[in-house]
Amino acid sequence: MLASKGTTFSDCRVMRSLFSPCKISHIPVVSFGHKRSLKIYSAKMELSITQPDDWHLHLRDGDVLKAVVSHSAHHFGRAIVMPNLKPPITTTAAAVAYREAILKSLPANSDFNPLMTLYLTDTTSPMEIKLARESQVVFGVKLYPAGATTNSQDGVTDLFGKCLPVLQEMVEHNMPLLVHGEVTNPEVDMFDREKVFIETVLRPLVQKFPRLKVVMEHVTTMDAVKFVESCSEGFVAATVTPQHLVLNRNSLFQGGLQPHNYCLPVLKREIHREALVSAVTSGSKRFFLGTDSAPHDRRRKECSCGCAGIYNAPVALSVYAKVFEKENALDKLEAFTSFNGPDFYGLPRNNSKIKLSKTPWKVPESFSYASGDIIPMFAGEMLDWLPAPL
């Protein structure tokens, strides 16, 4: 288990202007229908929603897994667990074993359900896709372009040249392809890699396999929003992270280099952040919650070659609620967090509920575990919304 720790870390603050506290006034009770209720009385606001799922989560393994899994299990009913371990989860047997390790690391009496994924390589076989579907524990196959992000060195080098039989098998078994959407060509600007990937890989992919279910993971740009909206509903969707909704690329450099705001895909311009906010708060079924919570030991973030990844599991729901509140779209929060994801994957929605209270709380400065410390997103900051089970 992680223990919170009050370590001072004032030089790694995020942009307050994009995530400032809000004031609420004394207003009457408002109802969003029989499944969603917003109660506002005196100076307290509460929102009851169906328990969310996290459709893009990194849990790691070993001591880090044991340290972080409780944070996700406390807030989410299920999670699509990423396979980029060392070595990567490339077979159904490895996915089953990893799932067992996750279940053993959960707190007592937890109902959290890890949904496993396979790591696509140049040599993945169609038979592996069949085995994955038959296992009833694997729910997607992750495409990492080789070298695109953490532990992606074993990823795909030539999608159309080496993976077509596997992609066809995925269509046959209705197995979603989960895409890290960036090219790795060093000649392409870091901030343009998502846009170039859409035009050179993703658009040709959906044209060639129109019945393939594709999730464009952790989208970051206006270009990605437009692409997803242009595709057939029910076949192409996107996850959106809390960091890409509240931070832009200034957050990497404000007050000095901010390693705990570094993730891949990298934060983009403000116009792209605004496009993402508009997309998720529009009520579109094509976008759903995926935190991309990615824990790294503090020493691996604060070094000369820091790792990419933001650990947001403890704060994600608070951040999402704030985004929807600022857009006067709290009535659309439940669909984004709890409905759109399972509907796309063809899974039942959760029956349980959680409560989000307008109760200020302070994010711990760090979380200690056996081998070191992990710094969460918004470390030491005050957040407005406090999630709790019902």
# chains A, B, ... in the order shown; residues from 1 in each chain; ligands from 1
>>> residues_around(residues="Gly283 of chain A", least_positions_apart="4", cutoff="12 Å", atoms="only C-alpha atoms", output="NGL selection string")
:A and (277-279 or 287-288 or 324 or 327 or 329-337 or 339-340)
>>> select_by_dssp(residues="segment 79-167 of chain A", states="helix (DSSP H, G or I)", output="PyMOL selection string")
chain A and resi 92-105+126-135+159-162+164-167
>>> closest_residue(among="A:Pro114, A:Val363, A:Asp192, A:Pro314", to="Ala388 of chain A", atoms="only C-alpha atoms")
A:Pro314
>>> closest_residue(among="A:Ala108, A:Val69, A:Ala321, A:Val315", to="Gly380 of chain A", atoms="only C-alpha atoms")
A:Val315
>>> atom_distance(atom1="atom CA of Lys66 of chain A", atom2="atom CA of Pro107 of chain A")
9.4 Å
>>> residues_around(residues="Val137 of chain A", least_positions_apart="4", cutoff="12 Å", atoms="only C-alpha atoms", output="ChimeraX atom specification")
/A:78-81,91-100,113-118,131-133,141,175
>>> write_last_selection(atoms="C-alpha atoms", output="PDB file, in the first residue's frame")
ATOM      1  CA  ARG A  78     -13.046  -1.856 -14.297  1.00  0.00           C
ATOM      2  CA  ALA A  79      -9.966  -0.795 -16.220  1.00  0.00           C
ATOM      3  CA  ILE A  80      -8.342  -1.637 -19.518  1.00  0.00           C
ATOM      4  CA  VAL A  81      -4.810  -2.488 -18.358  1.00  0.00           C
ATOM      5  CA  THR A  91       0.405 -13.736 -25.284  1.00  0.00           C
ATOM      6  CA  THR A  92      -2.912 -14.691 -23.767  1.00  0.00           C
ATOM      7  CA  ALA A  93      -1.149 -16.866 -21.204  1.00  0.00           C
ATOM      8  CA  ALA A  94       0.926 -13.881 -20.075  1.00  0.00           C
ATOM      9  CA  ALA A  95      -2.215 -11.720 -19.877  1.00  0.00           C
ATOM     10  CA  VAL A  96      -3.948 -14.288 -17.671  1.00  0.00           C
ATOM     11  CA  ALA A  97      -0.919 -14.462 -15.374  1.00  0.00           C
ATOM     12  CA  TYR A  98      -0.696 -10.660 -15.175  1.00  0.00           C
ATOM     13  CA  ARG A  99      -4.384 -10.458 -14.307  1.00  0.00           C
ATOM     14  CA  GLU A 100      -3.860 -12.909 -11.449  1.00  0.00           C
ATOM     15  CA  ASN A 113     -12.068  -6.014 -12.532  1.00  0.00           C
ATOM     16  CA  PRO A 114      -8.899  -5.682 -14.658  1.00  0.00           C
ATOM     17  CA  LEU A 115      -9.608  -6.058 -18.373  1.00  0.00           C
ATOM     18  CA  MET A 116      -6.457  -7.281 -20.065  1.00  0.00           C
ATOM     19  CA  THR A 117      -4.800  -6.398 -23.365  1.00  0.00           C
ATOM     20  CA  LEU A 118      -2.165  -7.888 -25.646  1.00  0.00           C
ATOM     21  CA  LEU A 131      -7.018 -17.495 -27.992  1.00  0.00           C
ATOM     22  CA  ALA A 132      -7.374 -14.014 -26.542  1.00  0.00           C
ATOM     23  CA  ARG A 133     -11.053 -13.807 -27.406  1.00  0.00           C
ATOM     24  CA  VAL A 141      -4.851  -5.409 -28.568  1.00  0.00           C
ATOM     25  CA  MET A 175     -11.443  -7.455 -30.916  1.00  0.00           C
TER      26      MET A 175
END
>>> atom_distance(atom1="atom CA of Ser110 of chain A", atom2="atom CA of Arg349 of chain A")
17.8 Å
>>> residues_around(residues="Asp373 of chain A", least_positions_apart="2", cutoff="9 Å", atoms="only C-alpha atoms", output="list in words")
Leu2, Lys5, His296, Asp297, Arg298, Arg299, Ser366, Phe367, Ser368, Tyr369, Ala370, Ser371 and Ile375 of chain A
>>> residues_around(residues="Thr150 of chain A", least_positions_apart="3", cutoff="12 Å", atoms="only C-alpha atoms", output="number ranges by chain")
A: 58, 60, 82-86, 88, 144-147, 153-155, 180, 263-265, 292, 294-296, 300, 306-310
>>> write_last_selection(atoms="N, CA, C and O atoms", output="short mmCIF file (atom, residue, chain, number, x, y, z; two decimals), in the first residue's frame")
data_model
loop_
_atom_site.label_atom_id
_atom_site.label_comp_id
_atom_site.auth_asym_id
_atom_site.auth_seq_id
_atom_site.Cartn_x
_atom_site.Cartn_y
_atom_site.Cartn_z
N HIS A 58 -2.22 2.23 -16.69
CA HIS A 58 -0.95 1.53 -16.48
C HIS A 58 -0.83 1.19 -14.99
O HIS A 58 -0.87 2.08 -14.14
N ARG A 60 1.73 -1.21 -14.03
CA ARG A 60 3.09 -1.73 -13.85
C ARG A 60 3.01 -3.13 -13.21
O ARG A 60 2.00 -3.81 -13.27
N MET A 82 -2.92 -1.66 -19.60
CA MET A 82 -1.94 -1.63 -20.68
C MET A 82 -0.89 -2.74 -20.52
O MET A 82 -0.52 -3.08 -19.39
N PRO A 83 -0.37 -3.26 -21.65
CA PRO A 83 0.51 -4.43 -21.61
C PRO A 83 2.00 -4.14 -21.73
O PRO A 83 2.79 -5.06 -21.94
N ASN A 84 2.40 -2.87 -21.62
CA ASN A 84 3.81 -2.52 -21.90
C ASN A 84 4.70 -2.70 -20.67
O ASN A 84 5.33 -1.76 -20.18
N LEU A 85 4.77 -3.93 -20.21
CA LEU A 85 5.69 -4.29 -19.14
C LEU A 85 7.03 -4.70 -19.74
O LEU A 85 7.22 -4.69 -20.95
N LYS A 86 7.95 -5.08 -18.88
CA LYS A 86 9.23 -5.67 -19.32
C LYS A 86 9.31 -7.08 -18.77
O LYS A 86 9.51 -7.22 -17.55
N PRO A 88 7.00 -7.40 -22.42
CA PRO A 88 5.61 -7.03 -22.68
C PRO A 88 4.68 -8.24 -22.67
O PRO A 88 5.10 -9.39 -22.85
N TYR A 144 1.52 -0.21 -30.28
CA TYR A 144 2.57 0.76 -29.99
C TYR A 144 3.49 0.83 -31.20
O TYR A 144 4.19 -0.15 -31.51
N PRO A 145 3.53 1.94 -31.92
CA PRO A 145 4.60 2.07 -32.90
C PRO A 145 5.95 1.96 -32.18
O PRO A 145 6.15 2.57 -31.12
N ALA A 146 6.84 1.16 -32.70
CA ALA A 146 8.11 0.90 -32.02
C ALA A 146 8.84 2.19 -31.68
O ALA A 146 9.10 3.02 -32.55
N GLY A 147 9.12 2.38 -30.39
CA GLY A 147 9.84 3.56 -29.93
C GLY A 147 9.00 4.76 -29.61
O GLY A 147 9.52 5.84 -29.30
N GLN A 153 9.69 -0.46 -27.32
CA GLN A 153 10.75 -0.88 -28.25
C GLN A 153 10.42 -2.17 -28.97
O GLN A 153 10.97 -2.46 -30.04
N ASP A 154 9.51 -2.97 -28.42
CA ASP A 154 9.11 -4.22 -29.06
C ASP A 154 7.85 -4.06 -29.90
O ASP A 154 7.27 -5.05 -30.36
N GLY A 155 7.43 -2.82 -30.13
CA GLY A 155 6.20 -2.55 -30.85
C GLY A 155 6.32 -2.78 -32.35
O GLY A 155 7.33 -3.28 -32.86
N HIS A 180 -1.82 3.76 -29.88
CA HIS A 180 -1.00 4.91 -29.52
C HIS A 180 -0.71 5.65 -30.82
O HIS A 180 0.11 5.20 -31.63
N CYS A 263 4.43 13.82 -20.32
CA CYS A 263 3.80 12.57 -20.72
C CYS A 263 3.89 12.44 -22.23
O CYS A 263 4.23 13.39 -22.93
N LEU A 264 3.57 11.26 -22.73
CA LEU A 264 3.47 11.03 -24.16
C LEU A 264 2.13 10.38 -24.47
O LEU A 264 1.74 9.44 -23.77
N PRO A 265 1.42 10.91 -25.45
CA PRO A 265 1.75 12.07 -26.26
C PRO A 265 1.91 13.34 -25.40
O PRO A 265 1.21 13.52 -24.42
N ASP A 292 -4.84 7.16 -18.62
CA ASP A 292 -3.43 6.98 -18.95
C ASP A 292 -2.56 7.22 -17.73
O ASP A 292 -1.43 7.70 -17.83
N ALA A 294 0.08 6.76 -15.23
CA ALA A 294 1.33 6.05 -15.52
C ALA A 294 2.36 6.35 -14.43
O ALA A 294 3.10 7.33 -14.51
N PRO A 295 2.40 5.52 -13.40
CA PRO A 295 3.32 5.79 -12.28
C PRO A 295 4.78 5.50 -12.62
O PRO A 295 5.10 4.52 -13.28
N HIS A 296 5.63 6.41 -12.15
CA HIS A 296 7.08 6.20 -12.20
C HIS A 296 7.65 6.63 -10.86
O HIS A 296 7.15 7.59 -10.24
N ARG A 300 13.03 8.47 -11.29
CA ARG A 300 13.02 8.25 -12.74
C ARG A 300 12.34 9.39 -13.48
O ARG A 300 12.44 9.47 -14.71
N GLY A 306 14.27 11.98 -17.98
CA GLY A 306 13.10 11.57 -17.23
C GLY A 306 12.09 10.78 -18.04
O GLY A 306 11.93 10.98 -19.25
N CYS A 307 11.39 9.86 -17.37
CA CYS A 307 10.38 9.03 -18.01
C CYS A 307 9.12 9.83 -18.31
O CYS A 307 8.77 10.76 -17.58
N ALA A 308 8.42 9.42 -19.36
CA ALA A 308 7.13 10.02 -19.70
C ALA A 308 6.02 9.33 -18.94
O ALA A 308 5.97 8.10 -18.86
N GLY A 309 5.12 10.11 -18.38
CA GLY A 309 3.97 9.54 -17.68
C GLY A 309 3.56 10.40 -16.50
O GLY A 309 4.41 10.91 -15.76
N ILE A 310 2.25 10.57 -16.33
CA ILE A 310 1.70 11.33 -15.22
C ILE A 310 0.86 10.39 -14.37
O ILE A 310 -0.02 9.69 -14.89
#
>>> closest_residue(among="A:Ala313, A:Cys305, A:Leu383, A:Leu390", to="Asn351 of chain A", atoms="only C-alpha atoms")
A:Leu390
>>> residues_around(residues="Trp385 of chain A", least_positions_apart="2", cutoff="7 Å", atoms="only C-alpha atoms", output="number ranges by chain")
A: 318, 321, 356-360, 383, 387
>>> write_last_selection(atoms="C-alpha atoms", output="PDB file, in the first residue's frame")
ATOM      1  CA  SER A 318     -11.839  15.153  -9.342  1.00  0.00           C
ATOM      2  CA  ALA A 321     -15.622  16.761 -12.635  1.00  0.00           C
ATOM      3  CA  LEU A 356     -18.830  13.290  -6.087  1.00  0.00           C
ATOM      4  CA  SER A 357     -19.020  15.958  -3.411  1.00  0.00           C
ATOM      5  CA  LYS A 358     -18.022  19.597  -3.786  1.00  0.00           C
ATOM      6  CA  THR A 359     -15.639  19.224  -0.857  1.00  0.00           C
ATOM      7  CA  PRO A 360     -12.155  20.743  -1.087  1.00  0.00           C
ATOM      8  CA  LEU A 383      -9.013  20.101  -5.593  1.00  0.00           C
ATOM      9  CA  PRO A 387     -15.192  11.088  -5.007  1.00  0.00           C
TER      10      PRO A 387
END
>>> select_by_dssp(residues="segment 112-307 of chain A", states="strand (DSSP E or B)", output="number ranges by chain")
A: 113-119, 138-143, 145, 156, 177-179, 214-216, 236-240, 287-289, 293
>>> write_last_selection(atoms="N, CA, C and O atoms", output="CSV table (one decimal), in the first residue's frame")
chain,number,residue,atom,x,y,z
A,113,ASN,N,-12.2,-5.0,-11.5
A,113,ASN,CA,-12.1,-6.0,-12.5
A,113,ASN,C,-11.1,-5.5,-13.6
A,113,ASN,O,-11.4,-4.7,-14.4
A,114,PRO,N,-9.9,-6.1,-13.6
A,114,PRO,CA,-8.9,-5.7,-14.7
A,114,PRO,C,-9.2,-6.4,-16.0
A,114,PRO,O,-9.4,-7.6,-16.0
A,115,LEU,N,-9.3,-5.6,-17.0
A,115,LEU,CA,-9.6,-6.1,-18.4
A,115,LEU,C,-8.3,-6.0,-19.1
A,115,LEU,O,-7.7,-5.0,-19.3
A,116,MET,N,-7.8,-7.2,-19.6
A,116,MET,CA,-6.5,-7.3,-20.1
A,116,MET,C,-6.3,-7.0,-21.6
A,116,MET,O,-7.3,-7.0,-22.3
A,117,THR,N,-5.1,-6.7,-22.0
A,117,THR,CA,-4.8,-6.4,-23.4
A,117,THR,C,-3.5,-7.1,-23.8
A,117,THR,O,-2.7,-7.5,-22.9
A,118,LEU,N,-3.4,-7.3,-25.1
A,118,LEU,CA,-2.2,-7.9,-25.6
A,118,LEU,C,-1.4,-6.8,-26.3
A,118,LEU,O,-1.9,-5.8,-26.8
A,119,TYR,N,-0.1,-7.0,-26.3
A,119,TYR,CA,0.9,-6.0,-26.9
A,119,TYR,C,1.2,-6.5,-28.3
A,119,TYR,O,1.7,-7.6,-28.5
A,138,VAL,N,-9.2,-11.0,-22.1
A,138,VAL,CA,-8.5,-10.1,-23.0
A,138,VAL,C,-9.5,-9.3,-23.8
A,138,VAL,O,-10.4,-9.9,-24.4
A,139,PHE,N,-9.5,-8.0,-23.7
A,139,PHE,CA,-10.5,-7.2,-24.3
A,139,PHE,C,-10.0,-6.2,-25.4
A,139,PHE,O,-10.8,-5.4,-25.9
A,140,GLY,N,-8.7,-6.3,-25.7
A,140,GLY,CA,-8.2,-5.4,-26.7
A,140,GLY,C,-6.7,-5.7,-27.0
A,140,GLY,O,-6.1,-6.5,-26.3
A,141,VAL,N,-6.2,-5.2,-28.2
A,141,VAL,CA,-4.9,-5.4,-28.6
A,141,VAL,C,-4.2,-4.0,-28.8
A,141,VAL,O,-4.8,-3.2,-29.5
A,142,LYS,N,-3.1,-3.8,-28.1
A,142,LYS,CA,-2.5,-2.4,-28.1
A,142,LYS,C,-1.5,-2.3,-29.2
A,142,LYS,O,-0.5,-3.1,-29.2
A,143,LEU,N,-1.6,-1.3,-30.0
A,143,LEU,CA,-0.6,-1.0,-31.0
A,143,LEU,C,0.3,0.1,-30.5
A,143,LEU,O,-0.2,1.3,-30.3
A,145,PRO,N,3.5,1.9,-31.9
A,145,PRO,CA,4.6,2.1,-32.9
A,145,PRO,C,5.9,2.0,-32.2
A,145,PRO,O,6.1,2.6,-31.1
A,156,VAL,N,5.3,-2.4,-33.0
A,156,VAL,CA,5.2,-2.6,-34.5
A,156,VAL,C,6.1,-1.7,-35.3
A,156,VAL,O,6.1,-0.5,-35.1
A,177,LEU,N,-8.7,-2.7,-31.5
A,177,LEU,CA,-7.4,-2.3,-31.6
A,177,LEU,C,-7.2,-0.9,-30.9
A,177,LEU,O,-7.9,0.0,-31.2
A,178,LEU,N,-6.3,-0.9,-29.9
A,178,LEU,CA,-6.1,0.3,-29.1
A,178,LEU,C,-4.8,0.9,-29.5
A,178,LEU,O,-3.7,0.3,-29.4
A,179,VAL,N,-4.9,2.1,-30.0
A,179,VAL,CA,-3.8,2.7,-30.8
A,179,VAL,C,-3.1,3.9,-30.0
A,179,VAL,O,-3.8,4.8,-29.6
A,214,VAL,N,-11.7,0.5,-33.4
A,214,VAL,CA,-10.4,1.2,-33.1
A,214,VAL,C,-10.7,2.2,-32.0
A,214,VAL,O,-11.6,3.0,-32.1
A,215,VAL,N,-9.8,2.2,-31.0
A,215,VAL,CA,-9.8,3.3,-30.0
A,215,VAL,C,-8.5,4.0,-30.2
A,215,VAL,O,-7.4,3.5,-30.0
A,216,MET,N,-8.6,5.3,-30.5
A,216,MET,CA,-7.5,6.2,-30.5
A,216,MET,C,-7.2,6.7,-29.1
A,216,MET,O,-8.0,7.4,-28.5
A,236,VAL,N,-15.0,3.7,-34.3
A,236,VAL,CA,-13.8,4.5,-33.9
A,236,VAL,C,-14.2,5.4,-32.8
A,236,VAL,O,-15.2,6.1,-32.9
A,237,ALA,N,-13.4,5.3,-31.7
A,237,ALA,CA,-13.7,6.2,-30.5
A,237,ALA,C,-12.4,6.6,-30.0
A,237,ALA,O,-11.3,6.3,-30.5
A,238,ALA,N,-12.4,7.4,-28.9
A,238,ALA,CA,-11.2,7.9,-28.3
A,238,ALA,C,-11.3,8.0,-26.8
A,238,ALA,O,-12.3,8.3,-26.3
A,239,THR,N,-10.2,7.8,-26.2
A,239,THR,CA,-10.1,8.1,-24.7
A,239,THR,C,-9.4,9.4,-24.6
A,239,THR,O,-8.6,9.9,-25.4
A,240,VAL,N,-9.7,10.1,-23.5
A,240,VAL,CA,-9.2,11.4,-23.2
A,240,VAL,C,-8.7,11.5,-21.7
A,240,VAL,O,-9.5,11.1,-20.8
A,287,PHE,N,-16.3,9.7,-27.3
A,287,PHE,CA,-15.2,10.0,-26.4
A,287,PHE,C,-15.6,9.4,-25.0
A,287,PHE,O,-16.7,9.6,-24.5
A,288,PHE,N,-14.6,8.8,-24.3
A,288,PHE,CA,-14.8,8.3,-23.0
A,288,PHE,C,-13.5,8.4,-22.2
A,288,PHE,O,-12.4,8.7,-22.7
A,289,LEU,N,-13.7,8.1,-20.9
A,289,LEU,CA,-12.6,8.3,-19.9
A,289,LEU,C,-11.5,7.3,-20.1
A,289,LEU,O,-11.8,6.1,-20.2
A,293,SER,N,-3.1,6.9,-16.5
A,293,SER,CA,-2.3,7.0,-15.3
A,293,SER,C,-1.1,6.2,-15.4
A,293,SER,O,-1.2,4.9,-15.7
>>> closest_residue(among="A:Thr90, A:Ser72, A:Thr220, A:Ser152", to="Tyr311 of chain A", atoms="only C-alpha atoms")
A:Ser72
>>> closest_residue(among="A:Arg193, A:Lys213, A:Lys268, A:His218", to="Trp55 of chain A", atoms="only C-alpha atoms")
A:His218
